[in-house]
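Student: my_file.cif (mmCIF, C-alpha atoms; chains and numbers go by the auth columns) pasted underneath:
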```
data_run
#
loop_
_atom_site.group_PDB
_atom_site.id
_atom_site.type_symbol
_atom_site.label_atom_id
_atom_site.label_comp_id
_atom_site.label_asym_id
_atom_site.label_seq_id
_atom_site.Cartn_x
_atom_site.Cartn_y
_atom_site.Cartn_z
_atom_site.B_iso_or_equiv
_atom_site.auth_seq_id
_atom_site.auth_asym_id
ATOM 1 C CA MET A 1 3.674 3.767 -18.440 0.00 1435 A
ATOM 2 C CA ILE A 2 1.269 5.020 -15.770 0.00 1436 A
ATOM 3 C CA ASN A 3 0.793 8.783 -15.775 0.00 1437 A
ATOM 4 C CA THR A 4 -2.751 9.138 -14.433 0.00 1438 A
ATOM 5 C CA PHE A 5 -3.524 8.277 -10.810 0.00 1439 A
ATOM 6 C CA LEU A 6 -7.147 7.999 -9.685 0.00 1440 A
ATOM 7 C CA PHE A 7 -7.999 7.529 -6.008 0.00 1441 A
ATOM 8 C CA ASP A 8 -10.968 6.516 -3.903 0.00 1442 A
ATOM 9 C CA ILE A 9 -11.415 8.478 -0.652 0.00 1443 A
ATOM 10 C CA ASP A 10 -12.721 6.322 2.217 0.00 1444 A
ATOM 11 C CA SER A 11 -10.065 3.908 3.527 0.00 1445 A
ATOM 12 C CA THR A 12 -7.698 5.093 0.768 0.00 1446 A
ATOM 13 C CA LEU A 13 -6.987 8.777 1.332 0.00 1447 A
ATOM 14 C CA LEU A 14 -8.850 9.106 4.628 0.00 1448 A
ATOM 15 C CA ASP A 15 -9.073 6.634 7.502 0.00 1449 A
ATOM 16 C CA THR A 16 -12.843 6.783 7.968 0.00 1450 A
ATOM 17 C CA GLU A 17 -13.462 3.240 9.185 0.00 1451 A
ATOM 18 C CA HIS A 18 -14.105 3.964 12.872 0.00 1452 A
ATOM 19 C CA ALA A 19 -16.197 7.047 12.119 0.00 1453 A
ATOM 20 C CA ASN A 20 -18.369 5.338 9.503 0.00 1454 A
ATOM 21 C CA LEU A 21 -18.998 2.232 11.573 0.00 1455 A
ATOM 22 C CA GLY A 22 -19.612 4.218 14.736 0.00 1456 A
ATOM 23 C CA ALA A 23 -22.168 6.412 12.974 0.00 1457 A
ATOM 24 C CA LEU A 24 -23.813 3.367 11.372 0.00 1458 A
ATOM 25 C CA LYS A 25 -24.069 1.588 14.723 0.00 1459 A
ATOM 26 C CA GLN A 26 -25.591 4.650 16.386 0.00 1460 A
ATOM 27 C CA MET A 27 -28.078 5.214 13.561 0.00 1461 A
ATOM 28 C CA LEU A 28 -29.279 1.609 13.606 0.00 1462 A
ATOM 29 C CA LYS A 29 -29.772 1.579 17.371 0.00 1463 A
ATOM 30 C CA ASN A 30 -31.371 5.008 17.695 0.00 1464 A
ATOM 31 C CA HIS A 31 -33.724 4.838 14.715 0.00 1465 A
ATOM 32 C CA TYR A 32 -34.419 1.152 14.087 0.00 1466 A
ATOM 33 C CA GLY A 33 -33.737 -0.503 17.427 0.00 1467 A
ATOM 34 C CA ILE A 34 -31.044 -2.668 15.830 0.00 1468 A
ATOM 35 C CA ASP A 35 -28.131 -3.194 18.197 0.00 1469 A
ATOM 36 C CA LYS A 36 -25.097 -4.571 16.386 0.00 1470 A
ATOM 37 C CA SER A 37 -21.441 -4.624 17.406 0.00 1471 A
ATOM 38 C CA LEU A 38 -18.765 -2.914 15.340 0.00 1472 A
ATOM 39 C CA ASP A 39 -17.455 -6.353 14.395 0.00 1473 A
ATOM 40 C CA GLU A 40 -20.884 -7.331 13.075 0.00 1474 A
ATOM 41 C CA LEU A 41 -20.959 -4.158 10.978 0.00 1475 A
ATOM 42 C CA GLU A 42 -17.500 -4.626 9.477 0.00 1476 A
ATOM 43 C CA PHE A 43 -19.097 -6.178 6.381 0.00 1477 A
ATOM 44 C CA ALA A 44 -20.198 -2.633 5.450 0.00 1478 A
ATOM 45 C CA LEU A 45 -16.664 -1.448 4.737 0.00 1479 A
ATOM 46 C CA GLY A 46 -15.962 -0.852 1.065 0.00 1480 A
ATOM 47 C CA ILE A 47 -19.401 -1.690 -0.336 0.00 1481 A
ATOM 48 C CA PRO A 48 -22.109 0.653 -1.695 0.00 1482 A
ATOM 49 C CA ALA A 49 -24.661 2.010 0.770 0.00 1483 A
ATOM 50 C CA HIS A 50 -27.626 0.397 -0.967 0.00 1484 A
ATOM 51 C CA LYS A 51 -26.085 -3.035 -0.436 0.00 1485 A
ATOM 52 C CA ILE A 52 -25.410 -2.266 3.226 0.00 1486 A
ATOM 53 C CA MET A 53 -28.984 -1.228 3.900 0.00 1487 A
ATOM 54 C CA ALA A 54 -30.392 -4.184 1.977 0.00 1488 A
ATOM 55 C CA GLU A 55 -28.304 -6.515 4.161 0.00 1489 A
ATOM 56 C CA LEU A 56 -29.573 -4.736 7.281 0.00 1490 A
ATOM 57 C CA ASN A 57 -33.159 -4.722 5.963 0.00 1491 A
ATOM 58 C CA VAL A 58 -33.736 -1.000 6.510 0.00 1492 A
ATOM 59 C CA PRO A 59 -35.120 1.587 4.028 0.00 1493 A
ATOM 60 C CA PHE A 60 -32.312 2.811 1.797 0.00 1494 A
ATOM 61 C CA GLU A 61 -32.844 6.549 1.270 0.00 1495 A
ATOM 62 C CA GLU A 62 -34.112 7.201 4.787 0.00 1496 A
ATOM 63 C CA SER A 63 -31.345 5.226 6.495 0.00 1497 A
ATOM 64 C CA VAL A 64 -28.568 6.834 4.421 0.00 1498 A
ATOM 65 C CA GLU A 65 -29.789 10.300 5.424 0.00 1499 A
ATOM 66 C CA LEU A 66 -29.960 9.225 9.065 0.00 1500 A
ATOM 67 C CA TRP A 67 -26.473 7.671 8.865 0.00 1501 A
ATOM 68 C CA ASP A 68 -25.078 10.866 7.418 0.00 1502 A
ATOM 69 C CA ALA A 69 -26.735 12.858 10.216 0.00 1503 A
ATOM 70 C CA GLN A 70 -24.755 10.879 12.840 0.00 1504 A
ATOM 71 C CA MET A 71 -21.369 11.646 11.262 0.00 1505 A
ATOM 72 C CA PRO A 72 -20.674 14.915 13.147 0.00 1506 A
ATOM 73 C CA ASP A 73 -20.547 12.870 16.363 0.00 1507 A
ATOM 74 C CA PHE A 74 -17.709 10.767 14.933 0.00 1508 A
ATOM 75 C CA GLN A 75 -15.927 13.150 12.578 0.00 1509 A
ATOM 76 C CA HIS A 76 -13.100 13.632 15.077 0.00 1510 A
ATOM 77 C CA LEU A 77 -12.052 10.024 14.387 0.00 1511 A
ATOM 78 C CA VAL A 78 -11.291 10.691 10.701 0.00 1512 A
ATOM 79 C CA LYS A 79 -7.610 11.035 9.797 0.00 1513 A
ATOM 80 C CA VAL A 80 -5.570 11.437 6.620 0.00 1514 A
ATOM 81 C CA TYR A 81 -3.385 8.328 6.276 0.00 1515 A
ATOM 82 C CA PRO A 82 0.340 8.858 6.910 0.00 1516 A
ATOM 83 C CA GLY A 83 2.229 9.375 3.656 0.00 1517 A
ATOM 84 C CA ILE A 84 -0.771 10.564 1.629 0.00 1518 A
ATOM 85 C CA PHE A 85 0.156 14.255 1.480 0.00 1519 A
ATOM 86 C CA GLU A 86 3.789 13.418 0.755 0.00 1520 A
ATOM 87 C CA THR A 87 2.814 11.059 -2.058 0.00 1521 A
ATOM 88 C CA LEU A 88 0.337 13.464 -3.671 0.00 1522 A
ATOM 89 C CA ASP A 89 2.824 16.328 -3.486 0.00 1523 A
ATOM 90 C CA GLN A 90 5.464 14.192 -5.203 0.00 1524 A
ATOM 91 C CA LEU A 91 3.041 13.116 -7.932 0.00 1525 A
ATOM 92 C CA ASN A 92 1.984 16.711 -8.537 0.00 1526 A
ATOM 93 C CA ALA A 93 5.614 17.870 -8.571 0.00 1527 A
ATOM 94 C CA GLN A 94 6.291 15.336 -11.327 0.00 1528 A
ATOM 95 C CA GLN A 95 3.272 16.628 -13.270 0.00 1529 A
ATOM 96 C CA GLN A 96 1.268 13.425 -13.057 0.00 1530 A
ATOM 97 C CA THR A 97 -2.500 13.635 -13.612 0.00 1531 A
ATOM 98 C CA LEU A 98 -4.419 13.172 -10.358 0.00 1532 A
ATOM 99 C CA GLY A 99 -8.123 12.480 -9.916 0.00 1533 A
ATOM 100 C CA VAL A 100 -10.596 11.386 -7.262 0.00 1534 A
ATOM 101 C CA VAL A 101 -13.405 8.939 -8.069 0.00 1535 A
ATOM 102 C CA THR A 102 -15.776 8.654 -5.119 0.00 1536 A
ATOM 103 C CA SER A 103 -19.255 7.332 -4.353 0.00 1537 A
ATOM 104 C CA GLU A 104 -19.923 10.395 -2.222 0.00 1538 A
ATOM 105 C CA SER A 105 -22.072 13.217 -3.579 0.00 1539 A
ATOM 106 C CA GLN A 106 -20.648 16.678 -4.134 0.00 1540 A
ATOM 107 C CA PRO A 107 -22.379 18.116 -1.016 0.00 1541 A
ATOM 108 C CA GLU A 108 -21.038 15.231 1.100 0.00 1542 A
ATOM 109 C CA LEU A 109 -17.572 15.813 -0.295 0.00 1543 A
ATOM 110 C CA GLU A 110 -17.661 19.506 0.535 0.00 1544 A
ATOM 111 C CA ARG A 111 -19.006 18.977 4.043 0.00 1545 A
ATOM 112 C CA LEU A 112 -17.172 15.838 5.154 0.00 1546 A
ATOM 113 C CA VAL A 113 -13.957 15.659 3.124 0.00 1547 A
ATOM 114 C CA TYR A 114 -12.824 19.143 2.104 0.00 1548 A
ATOM 115 C CA PRO A 115 -11.932 20.146 5.699 0.00 1549 A
ATOM 116 C CA TYR A 116 -9.022 17.670 5.639 0.00 1550 A
ATOM 117 C CA GLY A 117 -7.320 19.428 2.724 0.00 1551 A
ATOM 118 C CA VAL A 118 -6.641 16.290 0.714 0.00 1552 A
ATOM 119 C CA VAL A 119 -9.111 16.615 -2.165 0.00 1553 A
ATOM 120 C CA GLN A 120 -7.656 20.021 -2.921 0.00 1554 A
ATOM 121 C CA LYS A 121 -4.527 18.209 -4.168 0.00 1555 A
ATOM 122 C CA PHE A 122 -6.507 16.850 -7.141 0.00 1556 A
ATOM 123 C CA ALA A 123 -7.184 18.614 -10.414 0.00 1557 A
ATOM 124 C CA TYR A 124 -10.110 16.306 -11.261 0.00 1558 A
ATOM 125 C CA VAL A 125 -12.966 15.004 -9.105 0.00 1559 A
ATOM 126 C CA VAL A 126 -15.778 12.594 -10.013 0.00 1560 A
ATOM 127 C CA THR A 127 -18.591 12.217 -7.460 0.00 1561 A
ATOM 128 C CA ALA A 128 -21.794 10.179 -7.384 0.00 1562 A
ATOM 129 C CA THR A 129 -23.524 13.236 -8.817 0.00 1563 A
ATOM 130 C CA ASP A 130 -21.595 12.936 -12.076 0.00 1564 A
ATOM 131 C CA THR A 131 -22.883 9.565 -13.324 0.00 1565 A
ATOM 132 C CA ASN A 132 -26.173 7.688 -13.428 0.00 1566 A
ATOM 133 C CA LYS A 133 -24.482 4.364 -12.795 0.00 1567 A
ATOM 134 C CA HIS A 134 -22.075 3.849 -9.925 0.00 1568 A
ATOM 135 C CA LYS A 135 -19.308 1.464 -8.878 0.00 1569 A
ATOM 136 C CA PRO A 136 -18.932 -1.480 -9.490 0.00 1570 A
ATOM 137 C CA GLU A 137 -20.056 -0.265 -12.936 0.00 1571 A
ATOM 138 C CA PRO A 138 -17.245 1.335 -14.985 0.00 1572 A
ATOM 139 C CA ASP A 139 -19.081 4.631 -15.548 0.00 1573 A
ATOM 140 C CA PRO A 140 -17.406 6.690 -12.782 0.00 1574 A
ATOM 141 C CA ILE A 141 -13.933 5.744 -14.007 0.00 1575 A
ATOM 142 C CA TRP A 142 -14.962 6.361 -17.610 0.00 1576 A
ATOM 143 C CA LYS A 143 -16.130 9.816 -16.505 0.00 1577 A
ATOM 144 C CA ALA A 144 -12.715 10.423 -14.921 0.00 1578 A
ATOM 145 C CA LEU A 145 -10.979 9.375 -18.144 0.00 1579 A
ATOM 146 C CA GLU A 146 -13.239 11.751 -20.050 0.00 1580 A
ATOM 147 C CA LYS A 147 -12.473 14.635 -17.677 0.00 1581 A
ATOM 148 C CA THR A 148 -8.721 14.056 -17.619 0.00 1582 A
ATOM 149 C CA GLY A 149 -8.331 13.104 -21.270 0.00 1583 A
ATOM 150 C CA ALA A 150 -6.305 10.127 -20.056 0.00 1584 A
ATOM 151 C CA ASN A 151 -5.897 6.752 -21.758 0.00 1585 A
ATOM 152 C CA ALA A 152 -7.093 3.714 -19.823 0.00 1586 A
ATOM 153 C CA ASP A 153 -3.820 1.914 -20.560 0.00 1587 A
ATOM 154 C CA ASN A 154 -1.896 4.618 -18.684 0.00 1588 A
ATOM 155 C CA THR A 155 -4.287 4.926 -15.731 0.00 1589 A
ATOM 156 C CA ILE A 156 -4.367 3.304 -12.295 0.00 1590 A
ATOM 157 C CA TYR A 157 -7.260 3.389 -9.822 0.00 1591 A
ATOM 158 C CA ILE A 158 -6.155 3.037 -6.196 0.00 1592 A
ATOM 159 C CA SER A 159 -8.708 1.885 -3.626 0.00 1593 A
ATOM 160 C CA ASP A 160 -9.503 -0.543 -0.821 0.00 1594 A
ATOM 161 C CA SER A 161 -12.736 -2.039 -2.167 0.00 1595 A
ATOM 162 C CA ILE A 162 -13.667 -5.093 -4.219 0.00 1596 A
ATOM 163 C CA TYR A 163 -16.352 -3.005 -5.954 0.00 1597 A
ATOM 164 C CA ASP A 164 -13.713 -0.506 -6.992 0.00 1598 A
ATOM 165 C CA LEU A 165 -11.540 -3.325 -8.326 0.00 1599 A
ATOM 166 C CA GLN A 166 -14.507 -4.527 -10.383 0.00 1600 A
ATOM 167 C CA SER A 167 -15.144 -0.999 -11.628 0.00 1601 A
ATOM 168 C CA ALA A 168 -11.488 -0.578 -12.616 0.00 1602 A
ATOM 169 C CA LYS A 169 -11.397 -3.880 -14.483 0.00 1603 A
ATOM 170 C CA ALA A 170 -14.640 -3.086 -16.312 0.00 1604 A
ATOM 171 C CA ALA A 171 -13.221 0.303 -17.320 0.00 1605 A
ATOM 172 C CA GLY A 172 -9.965 -1.250 -18.548 0.00 1606 A
ATOM 173 C CA VAL A 173 -7.630 0.521 -16.104 0.00 1607 A
ATOM 174 C CA THR A 174 -4.988 -0.877 -13.761 0.00 1608 A
ATOM 175 C CA PHE A 175 -6.044 -1.450 -10.146 0.00 1609 A
ATOM 176 C CA GLY A 176 -3.846 -0.807 -7.127 0.00 1610 A
ATOM 177 C CA LEU A 177 -5.051 -2.136 -3.769 0.00 1611 A
ATOM 178 C CA ALA A 178 -4.592 0.306 -0.891 0.00 1612 A
ATOM 179 C CA THR A 179 -3.683 -2.380 1.622 0.00 1613 A
ATOM 180 C CA TRP A 180 -3.375 0.198 4.413 0.00 1614 A
ATOM 181 C CA GLY A 181 -7.160 0.547 4.380 0.00 1615 A
ATOM 182 C CA ALA A 182 -8.373 -2.702 2.817 0.00 1616 A
ATOM 183 C CA HIS A 183 -9.732 -5.777 4.558 0.00 1617 A
ATOM 184 C CA ASP A 184 -8.129 -8.394 2.337 0.00 1618 A
ATOM 185 C CA ARG A 185 -9.731 -11.794 2.808 0.00 1619 A
ATOM 186 C CA GLY A 186 -8.470 -13.184 -0.474 0.00 1620 A
ATOM 187 C CA GLN A 187 -10.949 -11.307 -2.673 0.00 1621 A
ATOM 188 C CA PHE A 188 -8.300 -9.144 -4.356 0.00 1622 A
ATOM 189 C CA THR A 189 -6.465 -11.739 -6.428 0.00 1623 A
ATOM 190 C CA ALA A 190 -7.204 -9.723 -9.585 0.00 1624 A
ATOM 191 C CA ALA A 191 -5.467 -6.603 -8.243 0.00 1625 A
ATOM 192 C CA ASP A 192 -2.539 -5.544 -10.423 0.00 1626 A
ATOM 193 C CA TYR A 193 -0.655 -4.105 -7.455 0.00 1627 A
ATOM 194 C CA LYS A 194 -0.936 -4.530 -3.700 0.00 1628 A
ATOM 195 C CA LEU A 195 0.517 -1.343 -2.303 0.00 1629 A
ATOM 196 C CA GLN A 196 1.748 -1.664 1.263 0.00 1630 A
ATOM 197 C CA GLN A 197 1.795 2.070 1.998 0.00 1631 A
ATOM 198 C CA PRO A 198 0.993 5.275 0.099 0.00 1632 A
ATOM 199 C CA THR A 199 4.608 6.134 -0.737 0.00 1633 A
ATOM 200 C CA TYR A 200 4.908 2.834 -2.657 0.00 1634 A
ATOM 201 C CA ILE A 201 2.744 4.492 -5.323 0.00 1635 A
ATOM 202 C CA LEU A 202 5.790 6.555 -6.307 0.00 1636 A
ATOM 203 C CA GLU A 203 7.553 3.375 -7.392 0.00 1637 A
ATOM 204 C CA LEU A 204 5.049 3.083 -10.251 0.00 1638 A
ATOM 205 C CA LEU A 205 6.488 6.142 -11.962 0.00 1639 A
#
```
Turn the structure described in the file into structure tokens.
Tutor:
Amino acid sequence: MINTFLFDIDSTLLDTEHANLGALKQMLKNHYGIDKSLDELEFALGIPAHKIMAELNVPFEESVELWDAQMPDFQHLVKVYPGIFETLDQLNAQQQTLGVVTSESQPELERLVYPYGVVQKFAYVVTATDTNKHKPEPDPIWKALEKTGANADNTIYISDSIYDLQSAKAAGVTFGLATWGAHDRGQFTAADYKLQQPTYILELL
């Protein structure tokens, strides 16, 4: 029986797609003279930043800082998905264990995510600062299990990304695909659940 619910943030709790791609497009054009359409940059959704920058052939650390610096111009596009607050409130009311496992650092979380009030619904948070290895390695989810005291057999990780699916499988937890934010091109056949909207999570209780 599932009693621990771990969530990714981007394209799972928050609709950040248009903001992230817009900021990436602007950064590439302004700083590297690379002019790509939003469609051409769609590959960047749901994969780690180092893989994105390697594909674009730009310096990793520098480009990530520059990308982050563009985000204030696009932050108004970020929204909490419909049904997220309702679902989290119901899970908390039923005393389920809730955690966030994100590839964002703690400072990024505080600056870019906290203003939306969603992370505050979670008792446990694992950021990129908490582990040396990151998704698709299992370490971030293992860290969440350590923090929560949860058993992998009773835990589900809900996300939109193939790397998060791989991380969940490596950590031995159930994976639920957040189809409301995922770009499913057939790569999620190993998902244990394909959740059509956030409130469907409540059916797992």
Student: Give me, please, the distance in Å between CA of Ile1468 (chain A) and CA of Ile1481 (chain A), quoted to one decimal.
Tutor: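 Distance between the two atoms: 19.9 Å.
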Student: Fewer than 2 positions away in the same chain doesn't count, so skip those; otherwise give me all residues within 9 Å of region 1506-1508 of chain A, counting all atoms listed in the file, as an mmCIF file with C-alpha atoms, keeping the file's coordinate frame.
Tutor:
```
data_model
loop_
_atom_site.group_PDB
_atom_site.id
_atom_site.type_symbol
_atom_site.label_atom_id
_atom_site.label_comp_id
_atom_site.auth_asym_id
_atom_site.auth_seq_id
_atom_site.Cartn_x
_atom_site.Cartn_y
_atom_site.Cartn_z
ATOM 1 C CA HIS A 1452 -14.105 3.964 12.872
ATOM 2 C CA ALA A 1453 -16.197 7.047 12.119
ATOM 3 C CA ASN A 1454 -18.369 5.338 9.503
ATOM 4 C CA GLY A 1456 -19.612 4.218 14.736
ATOM 5 C CA ALA A 1457 -22.168 6.412 12.974
ATOM 6 C CA ASP A 1502 -25.078 10.866 7.418
ATOM 7 C CA ALA A 1503 -26.735 12.858 10.216
ATOM 8 C CA GLN A 1504 -24.755 10.879 12.840
ATOM 9 C CA HIS A 1510 -13.100 13.632 15.077
ATOM 10 C CA LEU A 1511 -12.052 10.024 14.387
ATOM 11 C CA VAL A 1512 -11.291 10.691 10.701
ATOM 12 C CA LEU A 1546 -17.172 15.838 5.154
#
```
Student: Measuring atom to atom with only C-alpha atoms, identify which of A:Val1498, A:Leu1440, A:Ala1602, A:Ile1575 is nearest to Leu1462 (chain A).
Tutor: A:Val1498
Student: List the residues selected by the PyMOL selection byres ((chain A and resi 1606) around 12) in the file shown, writing them as a ChimeraX atom specification.
Tutor: /A:1571-1573,1575-1576,1579,1585-1591,1599-1605,1607-1609,1626
Student: Can you tell me, as JSON, the centre and edge lengths (Å, one decimal) of the axis-aligned box enclosing all of region 1523-1537 of chain A's listed atoms after padding each side by 3 Å?
Tutor:
```
{"center_x": -6.5, "center_y": 12.6, "center_z": -8.5, "size_x": 31.5, "size_y": 16.5, "size_z": 16.1}
```
Student: Using Å and a single decimal, report how far CA of Gln1530 (chain A) sits from CA of Tyr1634 (chain A).
Tutor: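 Atom-to-atom, CA of Tyr1634 (chain A) to CA of Gln1530 (chain A), that is 15.3 Å.
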Student: Which neighbours of Ser1497 (chain A) fall inside 8 Å, counting only C-alpha atoms, when residues of the same chain fewer than 4 positions from it are skipped, and could you give them as a PDB file with C-alpha atoms, in the frame of the given file?
Tutor:
```
ATOM      1  CA  MET A1461     -28.078   5.214  13.561  1.00  0.00           C
ATOM      2  CA  MET A1487     -28.984  -1.228   3.900  1.00  0.00           C
ATOM      3  CA  VAL A1492     -33.736  -1.000   6.510  1.00  0.00           C
ATOM      4  CA  PRO A1493     -35.120   1.587   4.028  1.00  0.00           C
ATOM      5  CA  TRP A1501     -26.473   7.671   8.865  1.00  0.00           C
TER       6      TRP A1501
END
```
Student: Could you tell me which of A:Ala1557, A:Val1514, A:Leu1475, A:Ala1616 comes closest to Asn1526 (chain A) if we count only C-alpha atoms?
Tutor: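 Checking each candidate against Asn1526 (chain A), we get A:Ala1557 as the closest.
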Student: Dig up all the protein and nucleic acid residues within 6 Å of (-8.4, 6.9, 8.1) in the file frame, using all atoms listed in the file, and format them as a PyMOL selection string.
Tutor: chain A and resi 1445+1448-1450+1512-1515
